[in-house]
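Colleague: Dropping a structure here in structure tokens format, bear with me for questions.
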Amino acid sequence: MKATSRAATGAFTPTDPADAAKAFGSTVGEIWKSMSGLNLPLPVVSKLQANYLQQATDLWNLNLREANPDAAAAPKAADKRFAAQEWAKNPASAYIAQMYLLNARTLMEMADAVEGDAKTKQRIRFAVQQWVDAASPSNYLALNPEAQRKALETKGESIGQGLKHLWNDIQQGHLSQTDESVFEVGRNVATTEGAVVFENELFQLIEYKPLTAKVYERPVLFVPPCINKYYIMDLQPENSLIRYTVEQGHRLFVISWRNADESIAQYTWDQYIEDAAIRAIREVQDITGSEQLNTLGFCVGGTILATALSVLAARGEQPATSVTLLTTLLDFSNTGVLDLFIDETMVQVREMTLGPQSPGGGSLLKGQELASTFSFLRPNDLVWNYVVGNYLKGETPPPFDLLYWNSDSTNLPGPMYCWYLRNTYHENNLAKPGKVTVCGEKIDLGAIKAPTYVYASREDHIVPWDGAYQNTQVLTGAKGKIRFVMGASGHIAGVINPPAKGKRSHWIGTTNAVPADPKEWFAKAKEHPGSWWTDWAAWLKSHAGKQIAAPKGYGNRSHKAIEPAPGRYVKQKA
């Protein structure tokens with residue numbers, strides 16, 4: 001659509017009315033054509049079409065006014081992508097933004113109106129949302145007045161800088177979400193003092209230096225997710241869950257997973273349980289002399305921890321005095337948006353290309369593939385926002401430790417990943433007593449007898465809070481000894497919420513009851529300001545035993561310090 005603006009009045013008029021009408025009709029036609037293959041009820045289509053035509057006509061007429069002395073005459077886009085004054089000041093850009101938003105709303109309404117089973121409808125909605133987000137005029141230099149203004153002001157330097165950013169990202173293999181040059185693992189992230197006291201081909205075990213004269217007699221073991229690096233729990237001293245735990249007087253050990261390479265590409269779920277999680281428990285017992293320990297698992301680390309404790313329970317062992325599960329799924333009946341990607345065909349393809357059935361008996365799932373998948377769950381915030389800033393405007397994203405960690409991806413052995421995919425997300429076998437065998441033992445999560453602290457984040461799009469709540473129903477051996485707490489915010493920000501900052505809030509049940517319906521729990525829960533960490537610290541203290549003199553060194557006679565924390569494994573790049 002060709003258009004000119006009148007500098008004196010800001011009015012917007014088409015140079016050729018016939019061309020404008022033709023373009024307008026083509027836009028409407030393409031909207032309906034793009035959705036014509038979907039099963040939409042005719043009355044709904046008619047209503048949507050009538051509403052669309054009316055709103056499009058109103059927008060067109062508004063922008064055809066001869067007198068438009070200020071930007072307020074046109075409706076301002078509430079969307080932050082079009083909030084800058086350049087969009088409002090330029091009538092053509094304002095019109096393009098408003099038409100895009102109208103088209104986007106209409107497409108999403110049509111996707112919502114599709115008749116079919118729930119999963120099909122969700123997949124259609126997700127696909128349409130991806131297309132809508134990618135098609136935003138803000139993503140293209142020719143349509144983005146902010147980027148155009150900056151190019152003019154810098155005499156093209158911003159475009160040149162944007163091309164440099166693009167080339168750098170192509171070389172490093174991922175989109176930069178932060179200034180990665182600012183951070184270095186062991187220098188200004190993952191800096192809590194400690195030492196590696198054990199290692200094998202799957203993990204390093206880090207023991208942290210006590211920060212108190214006395215420590216509790218029962219040690220604590222953290223099992224972080226193996227699809228990310230452990231230092232999400234040790235970003236900076238002021239937001240480190242690891243440092244906070246040590247400050248509370250606990251002798252803390254943390255698993256640092258190896259970033260898988262070809263040498264362990266054929267490793268299985270059983271090996272991650274036996275040779276990593278269970279082995280870590282054994283080593284902590286040996287180093288500390290305590291048969292009982294408190295345990296914590298974060299996300300997939302929680303699933304691994306619970307599986308390991310189930311294997312040990314089947315062998316007649318109950319080493320955990322307590323279990324903490326942070327944003328963890330054990331019952332995978334409610335997996336949120338991730339369920340859209342998983343069906344039998346997808347799982348079989350993965351098994352044939354990555355699993356034991358693949359050539360060579362297994363290959364790596366590349367970390368960047370997982371990272372990209374998670375980013376596109378929130379494409380405007382984690383993809384297109386950086387495309388616009390980095391490439392169109394030539395800006396270097398600001399330093400942010402959490403986003404640096406988010407870009408530090410990890411590989412996984414294909415067979416391990418395929419077992420996890422089929423038996424959790426696809427078939428939900430892990431939650432069914434006796435359904436699967438791991439390390440030669442029939443798994444029953446209800447055999448774990450330890451008191452359990454279950455944490456979920458209210459806005460978590462990876463582990464929905466009501467999905468994590470189902471852990472309270474699966475861990476039947478801990479009935480009467482389960483504490484469920486829900487924090488504000490999402491999968492990471494909800495967890496990494498130190499008390500000193502006084503941010504957000506959390507909900508705790510007014511009784512110890514954990515009814516089957518999560519909505520019933522929430523209806524009776526009480527909101528508390530600030531971090532959930534203090535509540536967890538008090539709960540953990542009640543399971544930590546008496547206080548004893550803090551050890552003067554790392555490990556013991558048979559476990560000498562191998563190297564300072566954070567160790568080599570966490571520094572390996574995917």
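Just remember, in the structure tokens the first chain shown is A, the second B, etc., residues are 1-based per chain, and ligands are 1-based in the order shown.
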Extract, using only C-alpha atoms, all DNA, RNA and protein residues at most 12 Å from Leu48 (chain A), discarding same-chain residues fewer than 4 positions from it, and format them as a list of chain:residue names.
Modeller: A:Val28, A:Ile31, A:Trp32, A:Leu40, A:Pro41, A:Leu42, A:Pro43, A:Val44, A:Tyr52, A:Leu53, A:Gln54, A:Gln55, A:Ala56, A:Leu102, A:Asn103, A:Arg105, A:Thr106, A:Leu107, A:Met108, A:Glu109, A:Met110, A:Ala111, A:Asp112, A:Ala113
Colleague: Extract, using only C-alpha atoms, all DNA, RNA and protein residues at most 12 Å from Gly173 (chain A), discarding same-chain residues fewer than 3 positions from it, and format them as a CSV table (one decimal) with N, CA, C and O atoms, in the first residue's frame.
Modeller:
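Here's the written file selection-v6.csv:
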chain,number,residue,atom,x,y,z
A,165,HIS,N,26.4,-8.1,15.0
A,165,HIS,CA,25.7,-8.9,16.0
A,165,HIS,C,25.2,-10.2,15.4
A,165,HIS,O,25.3,-11.3,15.9
A,166,LEU,N,24.6,-10.1,14.2
A,166,LEU,CA,24.0,-11.2,13.5
A,166,LEU,C,25.1,-12.2,13.2
A,166,LEU,O,25.0,-13.4,13.4
A,167,TRP,N,26.3,-11.7,12.6
A,167,TRP,CA,27.4,-12.6,12.3
A,167,TRP,C,27.9,-13.3,13.5
A,167,TRP,O,28.2,-14.5,13.5
A,168,ASN,N,28.0,-12.5,14.6
A,168,ASN,CA,28.5,-13.1,15.9
A,168,ASN,C,27.6,-14.2,16.4
A,168,ASN,O,28.1,-15.3,16.8
A,169,ASP,N,26.3,-14.0,16.3
A,169,ASP,CA,25.3,-15.0,16.7
A,169,ASP,C,25.4,-16.3,15.8
A,169,ASP,O,25.2,-17.4,16.3
A,170,ILE,N,25.6,-16.1,14.5
A,170,ILE,CA,25.7,-17.2,13.6
A,170,ILE,C,26.9,-18.0,14.0
A,170,ILE,O,26.9,-19.3,14.0
A,176,SER,N,21.9,-14.0,20.9
A,176,SER,CA,22.3,-13.4,22.2
A,176,SER,C,21.2,-12.8,22.9
A,176,SER,O,20.5,-11.9,22.3
A,366,LYS,N,21.3,-32.2,21.0
A,366,LYS,CA,22.1,-31.0,21.1
A,366,LYS,C,21.4,-30.0,22.0
A,366,LYS,O,20.2,-29.8,22.0
A,367,GLY,N,22.2,-29.4,22.9
A,367,GLY,CA,21.6,-28.4,23.8
A,367,GLY,C,20.9,-27.2,23.2
A,367,GLY,O,19.9,-26.7,23.7
A,368,GLN,N,21.4,-26.8,22.0
A,368,GLN,CA,20.8,-25.6,21.4
A,368,GLN,C,19.4,-25.9,20.9
A,368,GLN,O,18.6,-25.0,20.9
A,369,GLU,N,19.1,-27.2,20.6
A,369,GLU,CA,17.8,-27.5,20.2
A,369,GLU,C,16.8,-27.4,21.3
A,369,GLU,O,15.7,-26.8,21.2
A,371,ALA,N,17.3,-25.4,24.0
A,371,ALA,CA,17.2,-24.0,24.3
A,371,ALA,C,16.3,-23.3,23.4
A,371,ALA,O,15.5,-22.4,23.8
A,372,SER,N,16.4,-23.6,22.1
A,372,SER,CA,15.5,-22.9,21.1
A,372,SER,C,14.0,-23.3,21.4
A,372,SER,O,13.1,-22.4,21.2
A,407,SER,N,21.5,-19.1,28.2
A,407,SER,CA,22.1,-19.4,26.9
A,407,SER,C,23.3,-20.4,26.9
A,407,SER,O,23.8,-20.8,25.9
A,408,ASP,N,23.6,-20.8,28.1
A,408,ASP,CA,24.7,-21.8,28.3
A,408,ASP,C,24.2,-23.2,28.3
A,408,ASP,O,24.0,-23.8,29.3
A,409,SER,N,23.9,-23.6,27.1
A,409,SER,CA,23.1,-24.9,26.9
A,409,SER,C,23.9,-26.1,27.2
A,409,SER,O,25.1,-26.1,27.2
A,573,LYS,N,31.3,-26.4,27.1
A,573,LYS,CA,30.3,-25.8,26.3
A,573,LYS,C,29.7,-26.9,25.4
A,573,LYS,O,30.3,-27.8,25.0
A,574,ALA,N,28.4,-26.7,25.1
A,574,ALA,CA,27.7,-27.6,24.3
A,574,ALA,C,28.2,-27.5,22.8
A,574,ALA,O,28.6,-26.4,22.4
Colleague: When you draw a straight line from CA of Asp466 (chain A) to CA of Val485 (chain A), how long is it in Å?
Modeller: 11.3 Å
Colleague: Using backbone DSSP assignments, extract all strand (DSSP E) residues from region 168-402 of chain A; output them as a PyMOL selection string.
Modeller: chain A and resi 194-199+203-208+214-216+220-223+252-257+293-298+320-326+364-365
Colleague: Save out the residues we just selected, N, CA and C atoms, as a compact mmCIF listing (two decimals), in the first residue's frame.
Modeller:
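Written output follows (part09.txt):
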# COMPACT_ATOMS: atom_id res chain seq x y z
N GLY A 194 33.98 -23.52 47.29
CA GLY A 194 33.84 -24.95 47.52
C GLY A 194 34.89 -25.71 46.75
N ALA A 195 34.74 -27.04 46.71
CA ALA A 195 35.71 -27.88 46.01
C ALA A 195 35.02 -29.13 45.49
N VAL A 196 35.53 -29.63 44.37
CA VAL A 196 35.06 -30.90 43.82
C VAL A 196 35.70 -32.02 44.63
N VAL A 197 34.88 -32.91 45.21
CA VAL A 197 35.40 -33.98 46.07
C VAL A 197 35.18 -35.36 45.47
N PHE A 198 34.48 -35.43 44.33
CA PHE A 198 34.30 -36.70 43.63
C PHE A 198 33.90 -36.40 42.20
N GLU A 199 34.30 -37.25 41.26
CA GLU A 199 33.84 -37.11 39.89
C GLU A 199 33.85 -38.46 39.19
N PHE A 203 29.16 -36.83 36.41
CA PHE A 203 28.99 -35.65 37.26
C PHE A 203 30.22 -35.42 38.12
N GLN A 204 30.32 -34.17 38.60
CA GLN A 204 31.23 -33.83 39.68
C GLN A 204 30.40 -33.53 40.91
N LEU A 205 30.91 -33.91 42.07
CA LEU A 205 30.24 -33.61 43.33
C LEU A 205 31.00 -32.48 44.01
N ILE A 206 30.30 -31.36 44.21
CA ILE A 206 30.91 -30.18 44.83
C ILE A 206 30.48 -30.10 46.29
N GLU A 207 31.45 -29.94 47.17
CA GLU A 207 31.17 -29.65 48.57
C GLU A 207 31.49 -28.18 48.81
N TYR A 208 30.58 -27.48 49.51
CA TYR A 208 30.76 -26.05 49.75
C TYR A 208 31.32 -25.78 51.14
N LYS A 214 29.30 -23.85 63.26
CA LYS A 214 28.68 -25.17 63.42
C LYS A 214 27.77 -25.45 62.23
N VAL A 215 27.60 -26.72 61.92
CA VAL A 215 26.69 -27.15 60.86
C VAL A 215 25.76 -28.22 61.41
N TYR A 216 24.65 -28.41 60.74
CA TYR A 216 23.73 -29.47 61.14
C TYR A 216 24.33 -30.83 60.77
N VAL A 220 23.17 -31.91 53.19
CA VAL A 220 22.15 -31.63 52.18
C VAL A 220 22.75 -31.91 50.80
N LEU A 221 21.99 -32.57 49.94
CA LEU A 221 22.41 -32.84 48.56
C LEU A 221 21.43 -32.20 47.60
N PHE A 222 21.93 -31.35 46.71
CA PHE A 222 21.12 -30.73 45.65
C PHE A 222 21.32 -31.51 44.34
N VAL A 223 20.22 -31.84 43.68
CA VAL A 223 20.25 -32.46 42.36
C VAL A 223 19.62 -31.48 41.37
N LEU A 252 26.65 -28.56 52.59
CA LEU A 252 25.96 -28.71 51.31
C LEU A 252 26.85 -29.34 50.25
N PHE A 253 26.23 -30.30 49.51
CA PHE A 253 26.85 -30.94 48.35
C PHE A 253 25.92 -30.73 47.15
N VAL A 254 26.51 -30.48 45.99
CA VAL A 254 25.72 -30.23 44.78
C VAL A 254 26.30 -31.03 43.61
N ILE A 255 25.42 -31.66 42.85
CA ILE A 255 25.82 -32.35 41.63
C ILE A 255 26.03 -31.32 40.52
N SER A 256 27.17 -31.39 39.84
CA SER A 256 27.44 -30.60 38.63
C SER A 256 27.51 -31.59 37.47
N TRP A 257 26.47 -31.58 36.62
CA TRP A 257 26.38 -32.56 35.55
C TRP A 257 27.43 -32.30 34.47
N LEU A 293 20.43 -38.02 54.94
CA LEU A 293 20.70 -36.71 54.38
C LEU A 293 19.42 -36.06 53.89
N ASN A 294 19.43 -34.76 53.84
CA ASN A 294 18.32 -34.02 53.25
C ASN A 294 18.61 -33.82 51.77
N THR A 295 17.58 -33.92 50.95
CA THR A 295 17.78 -33.88 49.50
C THR A 295 16.88 -32.84 48.86
N LEU A 296 17.37 -32.29 47.73
CA LEU A 296 16.59 -31.31 46.97
C LEU A 296 16.79 -31.57 45.48
N GLY A 297 15.69 -31.58 44.73
CA GLY A 297 15.76 -31.71 43.29
C GLY A 297 15.02 -30.58 42.62
N PHE A 298 15.63 -30.03 41.58
CA PHE A 298 15.07 -28.88 40.87
C PHE A 298 14.70 -29.33 39.45
N ALA A 320 16.90 -40.64 52.63
CA ALA A 320 16.49 -39.23 52.69
C ALA A 320 15.68 -38.95 53.95
N THR A 321 16.19 -38.03 54.76
CA THR A 321 15.43 -37.54 55.91
C THR A 321 14.32 -36.62 55.43
N SER A 322 14.58 -35.91 54.33
CA SER A 322 13.56 -35.05 53.72
C SER A 322 13.84 -34.93 52.23
N VAL A 323 12.79 -34.58 51.49
CA VAL A 323 12.89 -34.37 50.05
C VAL A 323 12.26 -33.02 49.73
N THR A 324 12.98 -32.19 49.00
CA THR A 324 12.43 -30.93 48.49
C THR A 324 12.38 -31.02 46.97
N LEU A 325 11.23 -30.72 46.39
CA LEU A 325 11.05 -30.75 44.94
C LEU A 325 10.65 -29.36 44.47
N LEU A 326 11.50 -28.76 43.64
CA LEU A 326 11.25 -27.41 43.12
C LEU A 326 10.81 -27.50 41.67
N LEU A 364 23.69 -37.73 20.45
CA LEU A 364 23.41 -36.62 21.36
C LEU A 364 22.19 -35.82 20.94
N LEU A 365 21.40 -35.41 21.92
CA LEU A 365 20.42 -34.35 21.73
C LEU A 365 21.15 -33.05 22.00
Colleague: Counting only C-alpha atoms, what is within 12 Å of Gly494 (chain A), bar same-chain residues fewer than 2 positions away, as an MDAnalysis selection string?
Modeller: chainID A and resid 239 326:327 455:461 463 465 485:492 496:499 503:507 530:533
Colleague: Of the candidates A:Gly162, A:Pro413, A:Gly394, A:Pro379, which shows the shortest atom-to-atom distance to Asp261 (chain A), using only C-alpha atoms?
Modeller: A:Pro413
Colleague: Quick one: DSSP helix (DSSP H, G or I) residues in region 194-441 of chain A, as number ranges by chain?
Modeller: A: 230-233, 237-239, 241-247, 262-264, 269-288, 300-314, 336-341, 344-353, 359-361, 367-375, 379-392, 401-407, 414-426
Colleague: Tell me which protein, DNA and RNA residues are within 6 Å of region 351-356 of chain A, counting only C-alpha atoms, leaving out same-chain ones fewer than 6 positions away, and put them as a count of residues only.
Modeller: 5
Colleague: Choose the residue, out of A:Val436, A:Ala523, A:Leu305, A:Val570, that has the smallest atom-to-atom separation from Ala276 (chain A); count only C-alpha atoms.
Modeller: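 Smallest distance to Ala276 (chain A) is found for A:Leu305.
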